[in-house]
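Following: one structure in structure tokens, then a few remarks.
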Amino acid sequence: MIIKQIKAAGVKVFSGTPLEVEFNPNLNVVYGLNRSGKSSLIDAIVVGLFGFLRGSKDRLTRDHIKSWERSDDFCVDLYVDINGDKYRYYRDFTEKSEIVKKFTKSKWVTEADGNKEIDKFNKEILGVEDSDFFLSTACLRQRDIDRISGSLKSVGNIIQGMFSGSGEVDIERLIKELEAGRKEIKLSGRDDKRADRRQYTLLGENLTELKEKLDSAEINSEEIDKKAGELKKIKSELPVIEKEYNENKQLLEKVTSARKIHKDLDALKEKAKDISKRVDRIKELTKDITDLKENLKGYDQLTDFEEEFGNLDRLDESRQNIEEDIRIFKVNVARREEELNEKRNDIKKLNYSFFRLSAVSSFLSFVIFTIIALTTDQNWMFIMSGCSLIMFFGILSVFLNKRSRFNKTQIEIQFLQQELARYREESDPETNKKTQELSSIENKINSILESLKIENLDELKDMIKSYSRQKEQLKIKESVLREQLDDKDHEEWNEIRLEIQNDIGVLERRLEIEGLDEFEYDEKKINKWQINQSVLDGKIEFMKKDLKELEVELNFLQRDFMLPEEIEEEIKVVEEQIDHFDMVYDSYSIAIDMLNEVRVEVETEYKPELEKRSKKNFLKLTGSDFESLSLNITGKEGICLSTTIFEKIKEDTLSLGTQEQLYFALRLSALEILEKSKYPLIIDDSFTNYDDISEIKVLDIIKTVSEDRQVLFLTCHKRFFDWAKDISKELKKNLSLFELSKEHIIKKVDQ
Amino acid sequence: MIKFIHTSDIHLGAGFNQFSDSEKRKKEQIKTFEKIVNITLEKKADLFLLSGDLFNSISPKKNYIELVKRELSRLLNSGISVFIVPGNHDYYIPDGLWDSEFNLENENLFIFKEPEFTYKHLEDINLSIIAKAYDKTRKNKRLLDTDLIPETEGLKIIIFHGSYDNPDFMEFSDHPFSLDEINKIDFNYLALGHYHKFGILLDGKDKKAVYPGTPEALKFSSRESGSRFIIYGEIEESGKLKIEPLEIQTCMINSLTMDITSYDNIKILEKKISEMKDENLYLNLKLTGTPSIDVFNGLEQLTERFSNNFAELKIDITGVDIPAGISSDERYILGRFVKKINDKLEETSDDHEKIRLKTALRLVINKTNK
């Protein structure tokens, strides 16, 4: 491709004065001081070819390119030769007309209309579809050089960027970024301690939880349905059973009621009977009392003596006592007299005078015999005297005994006589008094009897007895009657009797009316009802218990219950999120894998050629060779270089100038490899750090390059411009010189 | 003339899991419910009809129960009769939610708990409300299979939670019914629930059947996108019926698919999104087509750029194709990479794989265009 001519208006600095330049197909050197418009010129060319750079914020965008000052026009008109054909890129940004025409058969024919078509056209014809690609390959700009920050690695990066297809992309970094991005999505716990905090992990946990929740919700849902069904069934059955229960209960209540009425009735009847009895009794008693009272009238006379009746008895009793006392006294006297007489008889029997005589006689005999014996001295007379003495003593003792007994009895008689006398003396007045009393009592009794005209006391006694008995009877009967009447009179009792009869009638009628009779008596039925009642009672209790349990269970099941559908929806949302993460994760993996794949391919394909050409260009540029230059187009190693000169020098200690030379060699090599049709080489002050020799060498290369490639060399250094002037004679028409004024006016310099 | 408000499928207590700020969404839902009650009061309606799924579950959280009790009390205290049918989400269980929490001693509140049709005849206006609860145990049972709709005097409103047997309406079938079937039934207004999008099934002069749809969308779905409605209706004694859908939502959900093929630069797309700016809009934007590289490169930043302009913005760019202008020049690594992706895309018919490949490409392109 050769840029023939450019016309531009409203592009960056070219606002007041439109830009219009015709370029040399070989070497063009444009000299201009800073801010004269060199970059604007390059930008105008690039925008003319490729339009604005889209998706960028600070480069080649409409805002960036549009004139900094007010300008009515905003357009670029570019004439280029591509593969021998003439093309015109015309872009009027104000009119929004962008078109590519081809000069065919002396006519400009539209080749591409509109941005998209031009992009497509560029891709086909130039093999480049946007400005970035073009810039990264065809343009050596100061800003690229600025990026070389003192390391070969940065040189390598720029070259890598060329191969990546976008001037600024480092594939290695890109892959790393993608890997980091992928890591952000999911990590295994092994990879990172923070793994558990990742959203993906949390979502996974959430999903597991939700699934568990769903399982239990499904079970709960079924359970709720089941329990609700059971509850409903019981609720519908319960009233039926309760009704039956109540009916049965009513029957049993009737039985109870009937039984009570019958009991009341029996009690009433019993009462009625009692009252009838009482009324009869009252009647009977009243009659008895009347009779008794009539009877007692016969004893009217006794009434006055009633007080005396007791006295009479007492009198009689006293009389009898007195008579007894007198009798006892007489008996005592008689007994004492008898005793005295006995003693007197005893004393008569105790006559001792005989013994006194006998004793005296015996003693006299003794004395006589003793005197005879003594006088006579006859023995037998002694015996006679002895016998007379013994006899004397025997008779003396009897005599003494009889005389003592006599004396004693004599004393006893005396005592008895005294005692009798005293007893008589003592009891006589008493006896007399009692005898007197007795006669008084007898008088009294006699007077009573006389007044009553009763002959004897026994008759009176009988009379009084009968009177008292009847009176007692009257008293008893009156008391019984009082008891029976119980503060009511006979009439009242009659009324009570009638009332009870009435009550009985009422109850009997109630039984009849309410039909309660059968309940009382049909034991079989009652029994059945009672059994039924307890069965129903149990059943109801059971059902109510079930009901309560079911209510509790249902209540429990419903607590925080979520419908499975709800959880399913939640699961769906979470799964969608997880799917999305998975998708992005997979996409990252695809991107990483494919980039790696492509990297290897590109590496294999271009590396040998790049190394070969670089070596050649570097030799040309520096006059020195390097033994090997190894460049990983896509790898992190960047450039590995070993040269005869720098063998002992670490790559990072290479001078900036050498780095720039190496960069230029590589850039040129890469351009040669990558370009589809030969691109113009646009150099924007790229050799500022070169030493004098290197400068000459690079300028030499430029000269050489311009032999078969259009070169646009823009510089702010007079020495380069001078160099161009110097070689103008040599290059003649293959060189054009331009000068850009501070006013942004470009002028072709005559050679 | 009898005035009524008909709503359904409010789903109080729904999780709103699809939304990044589900709590905000819950508050909006509560606000909408309160709004419905306010409108009912403003319109001085006689009847308030709720055709199922007032709650999202059979055991909603206490605050929702309290909310409903409070709001219903406002209606009941104003003499409005409230008719509620339990739906498939808040289905009736003996002693469950409806028995334990809404056993209110109020003669104007009717909760139809029976699985068979029962009715309430309102003497003063000569109108019967006929309804039945959603029967979970027999959900496949057709609406009219065995159910007999009781004979009633005067005007008739039927409330029912079930699916219109039409694949366009419902992909599931809970108590399904067909148009033929409901045509055979005698009613003035069939207050339907279950389908989340507003839809009029029958639109006769004196016979209408309507799904009001969910008043506040629960998720991003086509059925719940766009305006949400409740139905305001007026029935004359003659049976003549007039209905008016009232827009009710607090926030709108919209799922849009946008083909960005024709957009030359990202600014056009940004402008298009800008035009939709609405702080009350939950927008799920699915982008498709083959954009320019410029647009393609700007896609990743769109969500972040506009997220403050919407209640929530989701932009799905997985459906976007590789830009035509992207280089697949095999001389370059990236071009070769693009070529490989393109080749694989042509090879595979697996849509998921296609998305993965496109995403892989987008990841690389985005990283090279920082």
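For the structure tokens, the naming scheme is as follows: chains receive sequential letters (A, B, ...) according to their order of presentation, residues are indexed from 1 within each chain, and ligands are indexed from 1 in presentation order.
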Practice item. Determine, counting only C-alpha atoms, which protein, DNA and RNA residues have an atom within 7 Å of an atom of Asn309 (chain B); residues of the same chain fewer than 2 positions away are not included. Present the result as a ChimeraX atom specification. Key: /B:277-279,306-307
Using only C-alpha atoms, which residues of chain B come within 6 Å of chain A, and what is the closest atom pair for each, with the distance in Å to one decimal? Give it as CSV, sorted by chain and residue number.
```
residue,atom,partner,partner_atom,distance
B:Ser59,CA,A:Gln558,CA,5.8
B:Ile93,CA,A:Ala228,CA,5.9
B:Asp294,CA,A:Arg54,CA,4.6
B:Asn297,CA,A:Gly55,CA,5.6
B:Tyr332,CA,A:Gly165,CA,4.6
B:Ile333,CA,A:Ser164,CA,4.5
B:Leu334,CA,A:Ser164,CA,5.5
B:Arg356,CA,A:Ser587,CA,4.8
B:Thr359,CA,A:Ser587,CA,5.7
B:Ala360,CA,A:Ser587,CA,4.3
B:Thr368,CA,A:Val169,CA,5.9
```
Write to file, as a short mmCIF file (atom, residue, chain, number, x, y, z; two decimals), in the first residue's frame, the residues of the selection just made, with N, CA and C atoms.
```cif
data_model
loop_
_atom_site.label_atom_id
_atom_site.label_comp_id
_atom_site.auth_asym_id
_atom_site.auth_seq_id
_atom_site.Cartn_x
_atom_site.Cartn_y
_atom_site.Cartn_z
N SER B 59 -48.49 -20.68 55.25
CA SER B 59 -48.04 -20.17 56.56
C SER B 59 -47.25 -18.88 56.37
N ILE B 93 -56.71 -25.35 54.64
CA ILE B 93 -56.45 -26.52 55.49
C ILE B 93 -57.29 -26.32 56.75
N ASP B 294 -17.67 -1.76 18.32
CA ASP B 294 -17.83 -0.66 19.27
C ASP B 294 -18.92 -0.99 20.28
N ASN B 297 -17.97 -4.01 22.45
CA ASN B 297 -17.00 -3.71 23.50
C ASN B 297 -17.61 -2.93 24.65
N TYR B 332 -2.63 -13.21 13.33
CA TYR B 332 -2.49 -12.76 14.71
C TYR B 332 -3.09 -13.78 15.67
N ILE B 333 -2.56 -13.71 16.85
CA ILE B 333 -3.04 -14.66 17.86
C ILE B 333 -4.53 -14.46 18.11
N LEU B 334 -4.92 -13.22 18.34
CA LEU B 334 -6.33 -12.96 18.63
C LEU B 334 -7.21 -13.32 17.45
N ARG B 356 -21.29 -20.37 25.56
CA ARG B 356 -19.96 -20.44 26.20
C ARG B 356 -18.88 -19.90 25.27
N THR B 359 -19.18 -16.23 24.93
CA THR B 359 -18.73 -15.57 26.15
C THR B 359 -17.21 -15.61 26.24
N ALA B 360 -16.63 -16.74 25.87
CA ALA B 360 -15.17 -16.86 25.89
C ALA B 360 -14.57 -15.75 25.02
N THR B 368 -8.83 -7.27 25.92
CA THR B 368 -7.84 -6.67 25.02
C THR B 368 -8.23 -5.25 24.66
#
```
Practice item. Could you give me, as a ChimeraX atom specification, each residue of region 183-345 of chain B that DSSP assigns to helix (DSSP H, G or I) when run on this structure's backbone? Key: /B:183-184,222-224,266-275,293-309,333-345
Point to revise | Selection: 8 Å around region 473-476 of chain A, only C-alpha atoms, excl. self and same-chain fewer than 5 positions, as an NGL selection string | key: :A and (289 or 292-293)
Can you tell me, as an mmCIF file with C-alpha atoms, in the first residue's frame, which residues in region 60-235 of chain B count as strand (DSSP E or B) by DSSP?
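Here's the written file result-v1.cif:
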```cif
data_model
loop_
_atom_site.group_PDB
_atom_site.id
_atom_site.type_symbol
_atom_site.label_atom_id
_atom_site.label_comp_id
_atom_site.auth_asym_id
_atom_site.auth_seq_id
_atom_site.Cartn_x
_atom_site.Cartn_y
_atom_site.Cartn_z
ATOM 1 C CA SER B 81 -68.328 -7.107 51.630
ATOM 2 C CA VAL B 82 -65.149 -9.086 51.147
ATOM 3 C CA PHE B 83 -65.083 -12.409 49.331
ATOM 4 C CA ILE B 84 -61.937 -14.473 49.417
ATOM 5 C CA LEU B 109 -66.282 -11.315 55.319
ATOM 6 C CA PHE B 110 -66.713 -14.504 53.351
ATOM 7 C CA ILE B 111 -63.941 -16.990 52.906
ATOM 8 C CA THR B 118 -71.227 -22.717 47.712
ATOM 9 C CA TYR B 119 -72.847 -19.349 47.558
ATOM 10 C CA LYS B 120 -73.800 -16.318 49.504
ATOM 11 C CA HIS B 121 -76.915 -14.530 48.455
ATOM 12 C CA LEU B 122 -76.965 -10.845 49.214
ATOM 13 C CA LEU B 127 -76.824 -10.870 43.959
ATOM 14 C CA SER B 128 -75.181 -14.162 44.685
ATOM 15 C CA ILE B 129 -71.489 -14.772 45.059
ATOM 16 C CA ILE B 130 -70.700 -18.344 44.130
ATOM 17 C CA ALA B 131 -67.275 -19.709 44.801
ATOM 18 C CA LEU B 155 -77.260 -11.528 39.601
ATOM 19 C CA LYS B 156 -74.380 -13.933 39.779
ATOM 20 C CA ILE B 157 -70.691 -13.493 40.388
ATOM 21 C CA ILE B 158 -68.530 -16.590 40.399
ATOM 22 C CA ILE B 159 -65.084 -16.513 41.980
ATOM 23 C CA PHE B 160 -62.667 -19.201 40.989
ATOM 24 C CA HIS B 161 -58.963 -20.008 41.093
ATOM 25 C CA TYR B 164 -57.945 -21.522 31.481
ATOM 26 C CA PHE B 177 -61.660 -25.170 32.288
ATOM 27 C CA TYR B 189 -69.070 -11.915 36.157
ATOM 28 C CA LEU B 190 -66.516 -14.684 36.485
ATOM 29 C CA ALA B 191 -63.763 -13.425 38.763
ATOM 30 C CA LEU B 192 -60.815 -15.599 37.867
ATOM 31 C CA GLY B 193 -57.457 -16.020 39.502
ATOM 32 C CA GLY B 199 -56.767 -11.200 30.401
ATOM 33 C CA ILE B 200 -60.432 -11.003 29.423
ATOM 34 C CA LEU B 201 -61.735 -14.420 28.431
ATOM 35 C CA LEU B 202 -65.321 -13.450 27.843
ATOM 36 C CA ASP B 203 -66.473 -9.975 27.053
ATOM 37 C CA LYS B 208 -67.634 -11.295 31.407
ATOM 38 C CA ALA B 209 -64.818 -13.527 32.585
ATOM 39 C CA VAL B 210 -61.588 -11.861 33.635
ATOM 40 C CA TYR B 211 -58.163 -12.669 35.004
ATOM 41 C CA GLY B 226 -45.668 -4.547 31.939
ATOM 42 C CA PHE B 229 -54.203 -4.244 36.849
ATOM 43 C CA ILE B 230 -57.077 -4.704 39.188
ATOM 44 C CA ILE B 231 -60.627 -4.751 37.831
ATOM 45 C CA TYR B 232 -63.221 -2.180 38.721
ATOM 46 C CA GLY B 233 -66.679 -3.329 37.726
ATOM 47 C CA GLU B 234 -70.251 -2.085 37.787
ATOM 48 C CA ILE B 235 -73.265 -4.352 37.384
#
```
Review point. Could you pull the residues within 10 Å of Lys62 (chain B), counting only C-alpha atoms, minus those fewer than 4 positions along the same chain, as a PyMOL selection string?
Key: chain B and resi 13+66-68+101
Could those selected residues go to a file with all heavy atoms, as a tab-separated table (two decimals), in the first residue's frame?
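File produced: result04.tsv:
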```tsv
chain	number	residue	atom	x	y	z
B	13	GLY	N	-45.86	-12.22	50.72
B	13	GLY	CA	-44.88	-13.11	51.35
B	13	GLY	C	-43.99	-13.81	50.35
B	13	GLY	O	-43.16	-14.63	50.73
B	66	GLU	N	-50.98	-9.73	59.70
B	66	GLU	CA	-51.44	-8.50	60.35
B	66	GLU	C	-51.82	-7.45	59.30
B	66	GLU	O	-52.81	-6.75	59.44
B	66	GLU	CB	-50.34	-7.95	61.28
B	66	GLU	CG	-50.06	-8.82	62.50
B	66	GLU	CD	-51.31	-9.21	63.26
B	66	GLU	OE1	-52.18	-8.34	63.45
B	66	GLU	OE2	-51.46	-10.40	63.63
B	67	LEU	N	-51.00	-7.38	58.27
B	67	LEU	CA	-51.28	-6.42	57.18
B	67	LEU	C	-52.65	-6.70	56.58
B	67	LEU	O	-53.48	-5.79	56.43
B	67	LEU	CB	-50.20	-6.56	56.09
B	67	LEU	CG	-50.50	-5.89	54.75
B	67	LEU	CD1	-50.26	-4.39	54.85
B	67	LEU	CD2	-49.64	-6.47	53.63
B	68	VAL	N	-52.90	-7.95	56.25
B	68	VAL	CA	-54.17	-8.31	55.60
B	68	VAL	C	-55.33	-8.05	56.54
B	68	VAL	O	-56.36	-7.48	56.14
B	68	VAL	CB	-54.13	-9.78	55.12
B	68	VAL	CG1	-55.50	-10.23	54.68
B	68	VAL	CG2	-53.14	-9.93	53.99
B	101	GLU	N	-56.62	-17.60	61.56
B	101	GLU	CA	-56.33	-16.17	61.52
B	101	GLU	C	-57.50	-15.33	61.02
B	101	GLU	O	-57.57	-14.15	61.29
B	101	GLU	CB	-55.11	-15.90	60.62
B	101	GLU	CG	-53.84	-16.58	61.08
B	101	GLU	CD	-53.29	-15.98	62.36
B	101	GLU	OE1	-53.79	-14.92	62.81
B	101	GLU	OE2	-52.36	-16.59	62.93
```
Check your understanding: Quick one: distance from CA of Ile268 (chain B) to CA of Ile322 (chain B) in Å, one decimal?
Key -> 18.4 Å
Find the residues around Phe310 (chain B) up to 12 Å (only C-alpha atoms counted), leave out those fewer than 5 positions away in its own chain, and share them as a JSON list (two decimals) with all heavy atoms, in the first residue's frame.
```json
[["chain", "number", "residue", "atom", "x", "y", "z"],
["B", 251, "CYS", "N", -44.22, -0.82, 41.04],
["B", 251, "CYS", "CA", -43.09, -0.89, 40.14],
["B", 251, "CYS", "C", -43.40, -1.88, 39.04],
["B", 251, "CYS", "O", -44.15, -2.82, 39.24],
["B", 251, "CYS", "CB", -41.84, -1.33, 40.88],
["B", 251, "CYS", "SG", -41.14, -0.04, 41.87],
["B", 252, "MET", "N", -42.82, -1.65, 37.90],
["B", 252, "MET", "CA", -43.13, -2.51, 36.76],
["B", 252, "MET", "C", -41.92, -3.39, 36.46],
["B", 252, "MET", "O", -40.78, -2.99, 36.66],
["B", 252, "MET", "CB", -43.45, -1.63, 35.56],
["B", 252, "MET", "CG", -44.26, -2.34, 34.51],
["B", 252, "MET", "SD", -44.33, -1.35, 33.03],
["B", 252, "MET", "CE", -45.60, -0.21, 33.43],
["B", 253, "ILE", "N", -42.25, -4.57, 35.99],
["B", 253, "ILE", "CA", -41.20, -5.49, 35.55],
["B", 253, "ILE", "C", -41.28, -5.52, 34.05],
["B", 253, "ILE", "O", -42.38, -5.58, 33.49],
["B", 253, "ILE", "CB", -41.51, -6.92, 36.06],
["B", 253, "ILE", "CG1", -41.58, -6.97, 37.58],
["B", 253, "ILE", "CG2", -40.52, -7.93, 35.51],
["B", 253, "ILE", "CD1", -40.41, -6.47, 38.30],
["B", 254, "ASN", "N", -40.15, -5.46, 33.41],
["B", 254, "ASN", "CA", -40.21, -5.64, 31.98],
["B", 254, "ASN", "C", -39.06, -6.50, 31.50],
["B", 254, "ASN", "O", -37.93, -6.32, 31.92],
["B", 254, "ASN", "CB", -40.20, -4.29, 31.26],
["B", 254, "ASN", "CG", -41.32, -4.22, 30.25],
["B", 254, "ASN", "OD1", -41.79, -5.27, 29.78],
["B", 254, "ASN", "ND2", -41.77, -3.03, 29.94],
["B", 273, "ILE", "N", -31.36, 2.74, 25.84],
["B", 273, "ILE", "CA", -31.57, 2.33, 27.24],
["B", 273, "ILE", "C", -31.97, 3.55, 28.07],
["B", 273, "ILE", "O", -32.87, 3.49, 28.91],
["B", 273, "ILE", "CB", -30.32, 1.64, 27.81],
["B", 273, "ILE", "CG1", -30.06, 0.34, 27.04],
["B", 273, "ILE", "CG2", -30.49, 1.34, 29.30],
["B", 273, "ILE", "CD1", -28.76, -0.34, 27.38],
["B", 274, "SER", "N", -31.31, 4.67, 27.78],
["B", 274, "SER", "CA", -31.61, 5.91, 28.48],
["B", 274, "SER", "C", -33.08, 6.30, 28.34],
["B", 274, "SER", "O", -33.68, 6.80, 29.28],
["B", 274, "SER", "CB", -30.77, 7.02, 27.87],
["B", 274, "SER", "OG", -29.88, 7.50, 28.82],
["B", 275, "GLU", "N", -33.60, 6.06, 27.15],
["B", 275, "GLU", "CA", -35.00, 6.41, 26.90],
["B", 275, "GLU", "C", -35.94, 5.62, 27.81],
["B", 275, "GLU", "O", -37.05, 6.04, 28.08],
["B", 275, "GLU", "CB", -35.36, 6.14, 25.43],
["B", 275, "GLU", "CG", -34.85, 7.23, 24.49],
["B", 275, "GLU", "CD", -34.91, 6.81, 23.03],
["B", 275, "GLU", "OE1", -35.45, 5.72, 22.74],
["B", 275, "GLU", "OE2", -34.38, 7.57, 22.20],
["B", 276, "MET", "N", -35.48, 4.46, 28.26],
["B", 276, "MET", "CA", -36.34, 3.62, 29.10],
["B", 276, "MET", "C", -36.18, 3.93, 30.59],
["B", 276, "MET", "O", -36.88, 3.37, 31.42],
["B", 276, "MET", "CB", -36.01, 2.15, 28.86],
["B", 276, "MET", "CG", -36.43, 1.67, 27.49],
["B", 276, "MET", "SD", -36.25, -0.10, 27.34],
["B", 276, "MET", "CE", -34.54, -0.24, 26.94],
["B", 277, "LYS", "N", -35.25, 4.82, 30.90],
["B", 277, "LYS", "CA", -34.97, 5.16, 32.30],
["B", 277, "LYS", "C", -36.24, 5.31, 33.12],
["B", 277, "LYS", "O", -37.14, 6.07, 32.74],
["B", 277, "LYS", "CB", -34.22, 6.50, 32.37],
["B", 277, "LYS", "CG", -32.74, 6.41, 32.23],
["B", 277, "LYS", "CD", -32.15, 7.80, 32.41],
["B", 277, "LYS", "CE", -30.67, 7.82, 32.03],
["B", 277, "LYS", "NZ", -30.16, 9.20, 32.08],
["B", 278, "ASP", "N", -36.30, 4.59, 34.22],
["B", 278, "ASP", "CA", -37.46, 4.70, 35.09],
["B", 278, "ASP", "C", -37.07, 4.06, 36.42],
["B", 278, "ASP", "O", -36.72, 2.88, 36.48],
["B", 278, "ASP", "CB", -38.65, 3.94, 34.45],
["B", 278, "ASP", "CG", -39.91, 4.06, 35.28],
["B", 278, "ASP", "OD1", -39.82, 4.57, 36.43],
["B", 278, "ASP", "OD2", -40.97, 3.63, 34.80],
["B", 279, "GLU", "N", -37.13, 4.87, 37.45],
["B", 279, "GLU", "CA", -36.69, 4.35, 38.74],
["B", 279, "GLU", "C", -37.64, 3.29, 39.30],
["B", 279, "GLU", "O", -37.32, 2.60, 40.25],
["B", 279, "GLU", "CB", -36.56, 5.50, 39.74],
["B", 279, "GLU", "CG", -35.27, 6.26, 39.50],
["B", 279, "GLU", "CD", -35.07, 7.39, 40.48],
["B", 279, "GLU", "OE1", -35.93, 7.58, 41.35],
["B", 279, "GLU", "OE2", -34.05, 8.08, 40.34],
["B", 280, "ASN", "N", -38.82, 3.21, 38.69],
["B", 280, "ASN", "CA", -39.78, 2.20, 39.13],
["B", 280, "ASN", "C", -39.85, 1.02, 38.18],
["B", 280, "ASN", "O", -40.83, 0.29, 38.18],
["B", 280, "ASN", "CB", -41.17, 2.83, 39.28],
["B", 280, "ASN", "CG", -41.22, 3.78, 40.45],
["B", 280, "ASN", "OD1", -40.54, 3.57, 41.45],
["B", 280, "ASN", "ND2", -41.99, 4.84, 40.31],
["B", 281, "LEU", "N", -38.83, 0.90, 37.39],
["B", 281, "LEU", "CA", -38.85, -0.18, 36.40],
["B", 281, "LEU", "C", -37.74, -1.20, 36.70],
["B", 281, "LEU", "O", -36.58, -0.84, 36.88],
["B", 281, "LEU", "CB", -38.64, 0.39, 34.99],
["B", 281, "LEU", "CG", -38.54, -0.63, 33.85],
["B", 281, "LEU", "CD1", -39.84, -1.40, 33.67],
["B", 281, "LEU", "CD2", -38.18, 0.06, 32.54],
["B", 282, "TYR", "N", -38.18, -2.46, 36.79],
["B", 282, "TYR", "CA", -37.23, -3.55, 36.89],
["B", 282, "TYR", "C", -37.08, -4.09, 35.48],
["B", 282, "TYR", "O", -38.01, -4.68, 34.94],
["B", 282, "TYR", "CB", -37.75, -4.66, 37.81],
["B", 282, "TYR", "CG", -37.74, -4.27, 39.27],
["B", 282, "TYR", "CD1", -38.75, -3.47, 39.80],
["B", 282, "TYR", "CD2", -36.72, -4.70, 40.11],
["B", 282, "TYR", "CE1", -38.74, -3.12, 41.14],
["B", 282, "TYR", "CE2", -36.70, -4.35, 41.45],
["B", 282, "TYR", "CZ", -37.71, -3.56, 41.96],
["B", 282, "TYR", "OH", -37.69, -3.22, 43.29],
["B", 283, "LEU", "N", -35.95, -3.84, 34.90],
["B", 283, "LEU", "CA", -35.80, -4.16, 33.49],
["B", 283, "LEU", "C", -34.83, -5.32, 33.29],
["B", 283, "LEU", "O", -33.71, -5.31, 33.80],
["B", 283, "LEU", "CB", -35.29, -2.92, 32.73],
["B", 283, "LEU", "CG", -35.15, -3.09, 31.22],
["B", 283, "LEU", "CD1", -36.49, -3.40, 30.57],
["B", 283, "LEU", "CD2", -34.53, -1.85, 30.60],
["B", 284, "ASN", "N", -35.32, -6.30, 32.58],
["B", 284, "ASN", "CA", -34.48, -7.43, 32.20],
["B", 284, "ASN", "C", -34.30, -7.34, 30.70],
["B", 284, "ASN", "O", -35.22, -7.64, 29.95],
["B", 284, "ASN", "CB", -35.19, -8.72, 32.60],
["B", 284, "ASN", "CG", -34.25, -9.88, 32.64],
["B", 284, "ASN", "OD1", -33.09, -9.76, 32.21],
["B", 284, "ASN", "ND2", -34.71, -11.01, 33.15],
["B", 285, "LEU", "N", -33.16, -6.88, 30.31],
["B", 285, "LEU", "CA", -32.94, -6.60, 28.90],
["B", 285, "LEU", "C", -32.07, -7.68, 28.30],
["B", 285, "LEU", "O", -30.94, -7.90, 28.75],
["B", 285, "LEU", "CB", -32.25, -5.23, 28.79],
["B", 285, "LEU", "CG", -32.13, -4.63, 27.41],
["B", 285, "LEU", "CD1", -33.50, -4.41, 26.79],
["B", 285, "LEU", "CD2", -31.38, -3.30, 27.49],
["B", 303, "THR", "N", -24.66, -2.37, 32.19],
["B", 303, "THR", "CA", -25.43, -2.59, 33.42],
["B", 303, "THR", "C", -24.99, -1.62, 34.50],
["B", 303, "THR", "O", -25.80, -0.96, 35.13],
["B", 303, "THR", "CB", -25.25, -4.04, 33.91],
["B", 303, "THR", "OG1", -25.45, -4.90, 32.81],
["B", 303, "THR", "CG2", -26.24, -4.37, 35.00],
["B", 304, "GLU", "N", -23.69, -1.54, 34.68],
["B", 304, "GLU", "CA", -23.16, -0.68, 35.72],
["B", 304, "GLU", "C", -23.52, 0.79, 35.45],
["B", 304, "GLU", "O", -23.89, 1.53, 36.36],
["B", 304, "GLU", "CB", -21.64, -0.85, 35.77],
["B", 304, "GLU", "CG", -21.07, -0.57, 37.14],
["B", 304, "GLU", "CD", -19.56, -0.61, 37.11],
["B", 304, "GLU", "OE1", -19.00, -1.51, 36.44],
["B", 304, "GLU", "OE2", -18.95, 0.27, 37.73],
["B", 305, "ARG", "N", -23.44, 1.13, 34.17],
["B", 305, "ARG", "CA", -23.69, 2.53, 33.80],
["B", 305, "ARG", "C", -25.10, 2.98, 34.12],
["B", 305, "ARG", "O", -25.33, 4.10, 34.55],
["B", 305, "ARG", "CB", -23.46, 2.69, 32.29],
["B", 305, "ARG", "CG", -22.37, 3.67, 32.01],
["B", 305, "ARG", "CD", -22.42, 4.22, 30.65],
["B", 305, "ARG", "NE", -22.96, 5.56, 30.65],
["B", 305, "ARG", "CZ", -23.12, 6.28, 29.57],
["B", 305, "ARG", "NH1", -22.79, 5.78, 28.41],
["B", 305, "ARG", "NH2", -23.62, 7.49, 29.63],
["B", 315, "ILE", "N", -28.92, -6.90, 32.32],
["B", 315, "ILE", "CA", -28.72, -6.97, 30.87],
["B", 315, "ILE", "C", -28.06, -8.30, 30.56],
["B", 315, "ILE", "O", -26.98, -8.61, 31.06],
["B", 315, "ILE", "CB", -27.86, -5.79, 30.36],
["B", 315, "ILE", "CG1", -28.56, -4.47, 30.72],
["B", 315, "ILE", "CG2", -27.66, -5.89, 28.86],
["B", 315, "ILE", "CD1", -27.83, -3.23, 30.25]]
```
Review point. What does the distance between CA of Val331 (chain A) and CA of Ile445 (chain A) come to in Å, to one decimal place?
Key: 27.5 Å
Review point. Which polymer residues have any atom within 8 Å of an atom of Leu350 (chain A), counting only C-alpha atoms, with same-chain residues fewer than 6 positions away left out, as a PyMOL selection string?
Key: chain A and resi 402-403+405-406
**Study point:** Best match for closeness to Gly15 (chain B) among A:Asn443, A:Glu568, A:Asp692, A:Glu730, counting only C-alpha atoms
**Key:**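 The answer is A:Glu568, which sits nearest to Gly15 (chain B).
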